[in-house]
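Participant: Provided herewith is a single structure, encoded as structure tokens, for subsequent inquiry.
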Amino acid sequence: MSIPSVVVMATKGIPALADQLPSDGRRARRHRSRDLAVDALLDLLDEGVARPTAQLVAERSGVSLRSIFRIFDDVETLHTEAAARQLERHRDLFVEVPSTGPLADRIAAIVEAHDRLYDVVAPVRRAALRAAPDSQALTAQLALARGWHRSDMERIFATELAGADADLRDALEAALSFETWDQVATAQALKPTARRAAIARLVHALLD
């Protein structure tokens with residue numbers, strides 16, 4: 001599972017934060033406050049706060065509530081920037097899953113890679129899914145993530161999907177989706193080994 005191109009494009013060639021900050025002290029503080037607010041939102045979500053308010057973000061970040069509303073156009077902008085930051089925070093979890101070798105090995109590799117990634121990003125992903133119906137920006141980001149997810153899946157299982165109809169591709173995408181993982185991890189409360197086995201079995205049923 002390689003790093004999504006959106007992450008690479010967003011970070012390629014960008015200098016260190018210290019090099020990006022404008023020399024003007026006021027503008028530099030604004031950049032710093034923006035980063036603190038975004039990180040605070042992500043930290044709150046990671047800790048299980050389902051719907052962090054602007055007040056909570058202000059308290060956690062040390063940035064005044066007035067400043068937060070001055071820096072961000074609206075709450076949607078804050079959430080959108082947090083979603084983008086989330087990808088960069090966890091780019092080390094995007095690993096290259098081979099597209100060659102025994103089918104069982106490839107299935108095990110992609111299921112394990114997804115399990116590690118989903119387990120870490122779950123709180124923020126759930127928040128994004130809740131907010132998406134009211135946010136065009138988040139809806140677009142989730143669609144971009146799903147598009148990358150499908151293209152990577154099609155690369156890994158290119159041999160098995162050669163000549164396959166759309167139904168099989170749709171079913172495979174669903175089996176490997178965050179939503180399916182969340183079902184076995186949360187609703188069914190399966191431990192890592194059991195949830196990987198459950199999802200791998202779904203994928204084998206589709207491709208064997």
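To be explicit about the labels: the chains of the structure tokens are called A, B, and onward in the order shown, and within each one the residues are counted from 1, while ligands get numbers from 1 in the order they are shown.
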Please report, as CSV, each residue of region 86-159 of chain A lying at most 7 Å from region 57-80 of chain A, together with the nearest pair of atoms and the separation in Å rounded to one decimal; use only C-alpha atoms, and order rows by chain and ascending residue number.
Facilitator:
```
residue,atom,partner,partner_atom,distance
A:Ser135,CA,A:Glu76,CA,6.6
A:Ala137,CA,A:Thr80,CA,6.5
A:Leu138,CA,A:Thr80,CA,6.0
```
Participant: Output as a Markdown table one row per residue of region 178-200 of chain A within 8 Å of region 95-119 of chain A: the closest atom pair and its distance in Å to one decimal place, counting only C-alpha atoms, sorted by chain and residue number ascending.
Facilitator:
```
| residue | atom | partner | partner_atom | distance |
| --- | --- | --- | --- | --- |
| A:Phe178 | CA | A:Tyr118 | CA | 6.5 |
| A:Trp181 | CA | A:Asp115 | CA | 7.4 |
| A:Pro192 | CA | A:Asp115 | CA | 7.5 |
| A:Arg196 | CA | A:Val111 | CA | 6.1 |
| A:Ile199 | CA | A:Val111 | CA | 7.0 |
| A:Ala200 | CA | A:Ile107 | CA | 6.4 |
```
Participant: Could you take the residues named above and write them with N, CA, C and O atoms, as a short mmCIF file (atom, residue, chain, number, x, y, z; two decimals), in the first residue's frame?
Facilitator:
```
data_model
loop_
_atom_site.label_atom_id
_atom_site.label_comp_id
_atom_site.auth_asym_id
_atom_site.auth_seq_id
_atom_site.Cartn_x
_atom_site.Cartn_y
_atom_site.Cartn_z
N PHE A 178 -12.60 0.92 5.05
CA PHE A 178 -12.57 1.29 6.48
C PHE A 178 -13.88 0.89 7.15
O PHE A 178 -13.87 0.43 8.30
N TRP A 181 -13.81 -2.70 8.08
CA TRP A 181 -12.88 -2.85 9.21
C TRP A 181 -13.53 -2.37 10.50
O TRP A 181 -13.42 -3.01 11.54
N PRO A 192 -7.14 -7.83 16.89
CA PRO A 192 -6.44 -7.71 15.61
C PRO A 192 -6.32 -9.01 14.81
O PRO A 192 -6.62 -9.03 13.62
N ARG A 196 -8.35 -9.48 11.25
CA ARG A 196 -7.59 -9.69 10.02
C ARG A 196 -8.02 -10.99 9.35
O ARG A 196 -8.17 -11.04 8.13
N ILE A 199 -11.51 -10.45 7.66
CA ILE A 199 -11.46 -9.68 6.40
C ILE A 199 -10.73 -10.47 5.32
O ILE A 199 -11.14 -10.48 4.15
N ALA A 200 -9.66 -11.16 5.69
CA ALA A 200 -8.94 -11.99 4.71
C ALA A 200 -9.85 -13.06 4.13
O ALA A 200 -9.78 -13.37 2.94
#
```
Participant: Given only C-alpha atoms as the basis, pick out the residue of A:Glu160, A:Ser177, A:Gln136, A:Leu202 nearest to Trp148 (chain A).
Facilitator: A:Ser177
Participant: Just to confirm, what's the straight-line distance from CA of Arg130 (chain A) to CA of Ala84 (chain A) in Å (one decimal)?
Facilitator: 16.4 Å
Participant: Could you tell me which of A:Arg32, A:His204, A:Arg27, A:Arg51 comes closest to Ala128 (chain A) if we count only C-alpha atoms?
Facilitator: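 Going through A:Arg32, A:His204, A:Arg27, A:Arg51 one by one, the smallest distance to Ala128 (chain A) is for A:Arg51.
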Participant: Compare A:Ala166, A:Leu176, A:Leu206, A:Ala189 by their minimum atom-to-atom distance to Arg146 (chain A), counting only C-alpha atoms, and give me the closest one.
Facilitator: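 Answer, going by the shortest atom-to-atom distance: A:Leu176.
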Participant: Separation of CA of Met153 (chain A) and CA of Val124 (chain A), in Å?
Facilitator: 22.5 Å
Participant: DSSP says alpha helix (DSSP H) for which residues of region 64-100 of chain A? Put them as a list in words?
Facilitator: Leu65, Arg66, Ser67, Ile68, Phe69, Arg70, Ile71, Val75, Glu76, Thr77, Leu78, His79, Thr80, Glu81, Ala82, Ala83, Ala84, Arg85, Gln86, Leu87, Glu88 and Arg89 of chain A
